[in-house]
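Engineer: Have a look at this one before I ask anything.
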2 protein chains.
Amino acid sequence: MKQKVTLKQIAKELDVSISTVSKALKDSVEISLDTRQKVKAFAKLYNYKPNNIALSLKNRKTKTIGVIIPEIVHHFFTTVIGGVEKVANEKGYNVIICSSNNSFDKEVINLEMLASGSADGFILSVAKETQLKKDYHHIEETMSQGMPVVLFDRIIDEVVCDKVIIDDSKGAQTATNHLLSIGCKRIAILTTVDYISVGKLRTNGYLRALRAYDVPEREDLILKIEDIDNCESEISDFLKDKDIDAVFAVNELFAVTAVKVLNNQGKKVPDDIAIIGFTDGILSKHFIPSLTTISQHGEDMGVRAAKLLIDKLEGDEAATEEYRTVIIDTSLIQRQSAKKTK
Amino acid sequence: MKQKVTLKQIAKELDVSISTVSKALKDSVEISLDTRQKVKAFAKLYNYKPNNIALSLKNRKTKTIGVIIPEIVHHFFTTVIGGVEKVANEKGYNVIICSSNNSFDKEVINLEMLASGSADGFILSVAKETQLKKDYHHIEETMSQGMPVVLFDRIIDEVVCDKVIIDDSKGAQTATNHLLSIGCKRIAILTTVDYISVGKLRTNGYLRALRAYDVPEREDLILKIEDIDNCESEISDFLKDKDIDAVFAVNELFAVTAVKVLNNQGKKVPDDIAIIGFTDGILSKHFIPSLTTISQHGEDMGVRAAKLLIDKLEGDEAATEEYRTVIIDTSLIQRQSAKKTK
DNA sequence: TTTCCACACGCAAACGTTTTCGTAAGGTTT
DNA sequence: AAACCTTACGAAAACGTTTGCGTGTGGAAA
């Protein structure tokens with residue numbers, strides 16, 4: 001088994017110095033044409049590739065972006081990663097992805113690991129636990145060591161840095177407005193517990209829309225779900241015999257579960273009841289009926305986040321000092337699960 | 001903005017040598033208790049973390065596993081990554097993920113980039129283009145430079161290395177058997193073009209099951225789909241007025257599309273026609289009807305792949321020379337889309 | 001012949017670690 | 001007092017690069 005070939009080895013074989021080899025490979029005029037060609041031929045033959053690690057050490061940058069997300073098996077987060085990869089690769093950056101699995105500890109470990117030399121900056125969506133715990137020292141510490149951080153989607157207001165979000169509240173308002181505009185009056189919402197920032201914001205948007213239409217808000221039409229994995233029975237109990245004509249679900253899973261539950265309860269979507277979701281994922285697209293939903297444009301988020309980060313990484317000192325928050329527009333994707341009541 | 005603190009800085013502040021600091025932090029008996037405590041207190045205060053890059057360079061290993069997959073927005077691949085991360089983290093490895101986007105060129109670029117110092121070994125599922133092109137020089141080159149590679153799912157027979165696969169053919173046979181055993185006789189298959197290795201294998205399994213039951217195979221019941229993203233019309237034409245009682249789809253998307261198409265054609269699943277899929281993803285689980293399917297146990301694959309790789313990475317020379325192929329058992333997950341005919 | 005200049009190349013430092021080996025100071029044994 | 005041993009620390013090399021600067025060689029100009 002061959003080993004990776006280094007400058008030193010080439011130098012030895014060709015009986016020149018390491019610096020000569022290095023310069024020759026860079027086509028430096030310092031080196032004679034003859035030597036240059038010889039070295040390059042040799043390097044090609046032995047498939048020489050400069051060692052990134054050594055370069056990182058020398059340049060004190062890794063040309064790597066660290067991405068930490070709460071879940072890796074998750075359609076939205078992976079689309080964001082897709083966006084990040086796209087611009088990162090264009091700009092010659094590598095992307096290294098870690099999942100915190102929604103655990104605070106793992107988030108800290110991952111961040112510290114990557115921060116100690118593996119990445120130049122971070123794109124991060126915080127774990128549920130972190131939101132609950134409100135402990136952000138690891139993020140602040142990373143930034144104070146000179147590594148920029150861009151937060152996206154599940155952000156933290158208290159941390160001052162670049163951010164990329166959607167206007168969750170506005171998106172929810174759009175969704176609710178749509179339901180109201182097609183004639184729905186009694187709209188239930190399936191949302192998360194309040195410590196999940198996006199859930200809370202979407203609930204707010206829902207309430208705002210109601211008020212704008214002068215529809216009284218009713219506590220009994222709001223379900224805050226804690227255990228996402230076992231939401232079916234909860235939703236079933238909640239929806240049972242409820243006199244409603246629409247459901248707004250703050251994520252895909254709640255939306256399809258609602259359809260399922262309603263089917264079981266003998267109600268048809270969209271004929272008897274309209275449903276609108278949030279997040280345009282696989283399920284929304286392929287479900288029967290296909291789901292009208294709010295798209296978060298995950299790839300866009302990734303693109304913008306990566307651009308922000310790279311700007312900061314490559315920017316002059318001046319640009320480094322100001323922080324921006326990019327708000328990505330959501331859009332309503334109309335499909336089959338919500339239609340005009342006659 | 002503080003900078004990352006190094007041994008050198010600590011040494012300077014404390015007026016000792018770098019080696020003293022290094023040893024003190026490692027609790028070397030060479031250093032007096034006094035100095036040790038002083039150094040450690042100081043290091044903690046300044047939040048010293050050894051620089052991974054420097055360590056990588058020195059140790060000539062990165063403690064990082066490179067994972068390259070054809071698509072990042074893909075349920076199955078992300079579950080595999082989940083498995084990889086799990087064991088990698090347990091063993092103190094980092095995971096760096098790149099997506100080839102099914103492009104041969106990007107696969108080569110990613111692999112070369114990671115191979116030049118960023119990762120010690122690779123877990124890889126090859127791009128469609130690579131399978132078509134049959135060009136594997138980048139993989140062989142990587143291995144010849146001493147970096148182990150584990151192939152999974154979309155593997156390459158010609159490349160000699162560790163592999164983790166499911167028995168696609170057997171899984172497909174199980175699926176088809178199930179359909180036959182519940183009384184279906186005229187079973188269509190929705191599969192991919194032959195150069196996708198897993199598609200071909202699954203087709204073979206289907207045929208084998210048919211033969212074992214003495215059911216004649218019929219060319220007109222086999223649809224090989226090239227353009228996965230626009231499969232609906234193709235499937236619709238294919239299924240139209242066909243006298244069949246079951247469909248075996250080699251992936252989730254084909255399965256749900258088939259259900260959709262059949263619904264439109266006035267046939268009910270599972271009452272009029274049974275459907276069975278392959279890959280147990282979000283769709284299969286939440287679709288209505290939920291899909292009977294073959295589970296590939298993606299997380300298991302990731303776990304096994306990571307173990308194989310780490311074994312090779314840490315193993316003695318002897319173990320390094322033999323290559324293993326792990327076959328993960330598939331299992332039939334019975335849900336609603338296929339039931340006994342009366 | 002002396003001086004000067006280009007040319008082509010090598011030296012060495014630097015990035016941050018770890019680790020082997022060397023050594024000064026001080027104490028203990030004869 | 002001489003010889004020796006601990007103890008506690010420092011110097012330096014190594015990992016693979018890049019790059020500023022120094023330098024030997026040869027030829028041309030004076």
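Residues in the structure tokens are named by chain (A, B, ... in the order shown) and by number from 1 within that chain; ligands are numbered from 1 in the order shown.
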I'd like the neighbourhood of Glu107 of chain A as JSON, numbers by chain, where a residue qualifies if any of its atoms comes within 10 Å (using only C-alpha atoms (C1' of nucleotides)), though same-chain residues fewer than 3 positions away should be ignored.

Structural biologist: {"A": [68, 69, 70, 98, 99, 100, 101, 102, 103, 104, 110, 111, 112, 113, 124, 125, 126, 127, 129, 130, 138, 139]}

Engineer: Could you list, as a list in words, the residues of chain C having an atom within 8 Å of chain A when counting only C-alpha atoms (C1' of nucleotides)?

Structural biologist: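 Close enough to count are DC7, DA8, DC9, DG10, DA14, DC15 and DG16 of chain C.
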
Engineer: Let's have the selection written as a short mmCIF file (atom, residue, chain, number, x, y, z; two decimals), in the first residue's frame, with N, CA and C atoms (P, O5', C5', C4', C3', O3' and C1' of nucleotides).

Structural biologist:
data_model
loop_
_atom_site.label_atom_id
_atom_site.label_comp_id
_atom_site.auth_asym_id
_atom_site.auth_seq_id
_atom_site.Cartn_x
_atom_site.Cartn_y
_atom_site.Cartn_z
P DC C 7 16.88 37.06 -15.33
"O5'" DC C 7 17.37 35.62 -14.86
"C5'" DC C 7 18.51 35.04 -15.44
"C4'" DC C 7 18.94 33.83 -14.63
"C3'" DC C 7 17.77 32.95 -14.18
"O3'" DC C 7 17.98 31.67 -14.75
"C1'" DC C 7 19.32 33.32 -12.41
P DA C 8 16.77 30.62 -14.75
"O5'" DA C 8 17.18 29.75 -13.48
"C5'" DA C 8 18.47 29.14 -13.45
"C4'" DA C 8 18.65 28.50 -12.10
"C3'" DA C 8 17.42 27.72 -11.61
"O3'" DA C 8 17.84 26.41 -11.27
"C1'" DA C 8 18.16 29.23 -9.95
P DC C 9 16.73 25.33 -10.88
"O5'" DC C 9 16.90 25.38 -9.31
"C5'" DC C 9 18.17 25.01 -8.76
"C4'" DC C 9 18.33 25.61 -7.40
"C3'" DC C 9 17.48 25.01 -6.28
"O3'" DC C 9 18.23 23.97 -5.68
"C1'" DC C 9 17.92 27.36 -6.01
P DG C 10 17.56 23.06 -4.55
"O5'" DG C 10 18.09 23.82 -3.24
"C5'" DG C 10 19.49 23.97 -3.04
"C4'" DG C 10 19.75 24.70 -1.72
"C3'" DG C 10 19.09 24.05 -0.50
"O3'" DG C 10 19.99 24.17 0.59
"C1'" DG C 10 18.28 26.28 -0.77
P DA C 14 9.81 32.26 13.72
"O5'" DA C 14 8.29 31.97 13.37
"C5'" DA C 14 7.68 32.58 12.23
"C4'" DA C 14 6.53 31.72 11.77
"C3'" DA C 14 5.83 30.97 12.92
"O3'" DA C 14 4.56 31.55 13.17
"C1'" DA C 14 6.18 29.56 11.01
P DC C 15 3.89 31.23 14.63
"O5'" DC C 15 2.56 30.45 14.28
"C5'" DC C 15 1.84 30.63 13.07
"C4'" DC C 15 1.09 29.36 12.76
"C3'" DC C 15 0.85 28.49 13.99
"O3'" DC C 15 -0.42 28.81 14.55
"C1'" DC C 15 1.56 27.20 12.06
P DG C 16 -0.54 29.04 16.13
"O5'" DG C 16 -0.59 27.56 16.70
"C5'" DG C 16 -1.72 26.77 16.43
"C4'" DG C 16 -1.52 25.40 17.01
"C3'" DG C 16 -1.18 25.38 18.50
"O3'" DG C 16 -2.00 24.41 19.11
"C1'" DG C 16 0.43 24.15 17.28
#

Engineer: By how many Å are atom CA of Ile333 of chain B and atom CA of Val67 of chain B apart?

Structural biologist: 28.2 Å

Engineer: Using DSSP on the backbone coordinates, identify all residues within segment 151-241 of chain B classified as alpha helix (DSSP H); present the result as number ranges by chain.

Structural biologist: B: 168-181, 197-212, 231-239

Engineer: How far is it from atom CA of Asp241 of chain B to atom CA of Asp280 of chain B, in Å with one decimal?

Structural biologist: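 That distance, rounded to one decimal, is 28.8 Å.
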
Engineer: With the cut-off set at 8 Å and counting only C-alpha atoms, tabulate each residue of chain B with an atom at most that distance from an atom of chain A, showing the nearest atom pair and its distance in Å to one decimal, ordered by chain and increasing number, as a Markdown table.

Structural biologist:
| residue | atom | partner | partner_atom | distance |
| --- | --- | --- | --- | --- |
| B:Met1 | CA | A:Ser144 | CA | 5.7 |
| B:Lys2 | CA | A:Gln145 | CA | 5.2 |
| B:Gln3 | CA | A:Gln145 | CA | 5.0 |
| B:Lys4 | CA | A:Gln145 | CA | 5.5 |
| B:Lys49 | CA | A:Ser116 | CA | 6.3 |
| B:Pro50 | CA | A:Ser116 | CA | 6.8 |
| B:Asn51 | CA | A:Ser116 | CA | 5.3 |
| B:Asn52 | CA | A:Gly117 | CA | 5.0 |
| B:Ile53 | CA | A:Gly117 | CA | 5.4 |
| B:Ala54 | CA | A:Leu57 | CA | 6.3 |
| B:Ser56 | CA | A:Ile53 | CA | 7.0 |
| B:Leu57 | CA | A:Ile53 | CA | 6.0 |
| B:Ile72 | CA | A:Thr78 | CA | 6.1 |
| B:Val73 | CA | A:Thr78 | CA | 5.1 |
| B:His74 | CA | A:His75 | CA | 7.5 |
| B:His75 | CA | A:Val73 | CA | 6.2 |
| B:Thr78 | CA | A:Val73 | CA | 5.1 |
| B:Thr79 | CA | A:Val73 | CA | 5.8 |
| B:Ile81 | CA | A:Ile72 | CA | 7.7 |
| B:Gly82 | CA | A:Ile72 | CA | 6.8 |
| B:Val95 | CA | A:Cys98 | CA | 7.0 |
| B:Ile96 | CA | A:Ile96 | CA | 4.6 |
| B:Ile97 | CA | A:Ile96 | CA | 5.8 |
| B:Cys98 | CA | A:Val95 | CA | 7.0 |
| B:Ser116 | CA | A:Asn51 | CA | 5.3 |
| B:Gly117 | CA | A:Asn52 | CA | 5.0 |
| B:Ser118 | CA | A:Asn52 | CA | 6.7 |
| B:Ser144 | CA | A:Met1 | CA | 5.7 |
| B:Gln145 | CA | A:Gln3 | CA | 5.0 |
| B:Gly146 | CA | A:Gln3 | CA | 6.0 |
| B:Val256 | CA | A:His286 | CA | 7.2 |
| B:Thr257 | CA | A:His286 | CA | 7.7 |
| B:Lys260 | CA | A:Ile288 | CA | 7.3 |
| B:Ile282 | CA | A:Leu283 | CA | 7.4 |
| B:Leu283 | CA | A:Leu283 | CA | 6.1 |
| B:His286 | CA | A:Val256 | CA | 7.2 |
| B:Phe287 | CA | A:Phe287 | CA | 6.3 |
| B:Ile288 | CA | A:Ile288 | CA | 7.1 |

Engineer: What separation in Å, quoted to one decimal, exists between atom CA of Ala175 of chain A and atom CA of Ser290 of chain B?

Structural biologist: 27.3 Å

Engineer: Determine the nearest neighbour of DA25 of chain C from the options D:DA28, D:DA14, D:DA2, D:DC9, counting only C-alpha atoms (C1' of nucleotides).

Structural biologist: D:DC9

Engineer: Which residues, written as a list of chain:residue names, have at least one atom at most 12 Å from DC21 of chain C, with only C-alpha atoms (C1' of nucleotides) counted and residues fewer than 5 positions away on the same chain left out?

Structural biologist: D:DG10, D:DA11, D:DA12, D:DA13

Engineer: With C-alpha atoms (C1' of nucleotides) retained, write the just-selected residues as a compact mmCIF listing (two decimals), in the first residue's frame.

Structural biologist:
# COMPACT_ATOMS: atom_id res chain seq x y z
C1' DG D 10 13.73 22.91 28.59
C1' DA D 11 15.43 22.08 23.77
C1' DA D 12 14.45 20.22 19.60
C1' DA D 13 12.49 17.38 16.16

Engineer: Near chain A, which residues of chain D fall within 10 Å when you count only C-alpha atoms (C1' of nucleotides), and what do they look like as a count of residues only?

Structural biologist: 5

Engineer: List as a PyMOL selection string the protein and nucleic acid residues near segment 301-310 of chain A, meaning an atom at most 10 Å away when only C-alpha atoms (C1' of nucleotides) are counted, but skip any in the same chain fewer than 5 places from it.

Structural biologist: chain A and resi 63+65+67+77-88+91+93+120-124+147-153+162-166+296+315+323-329
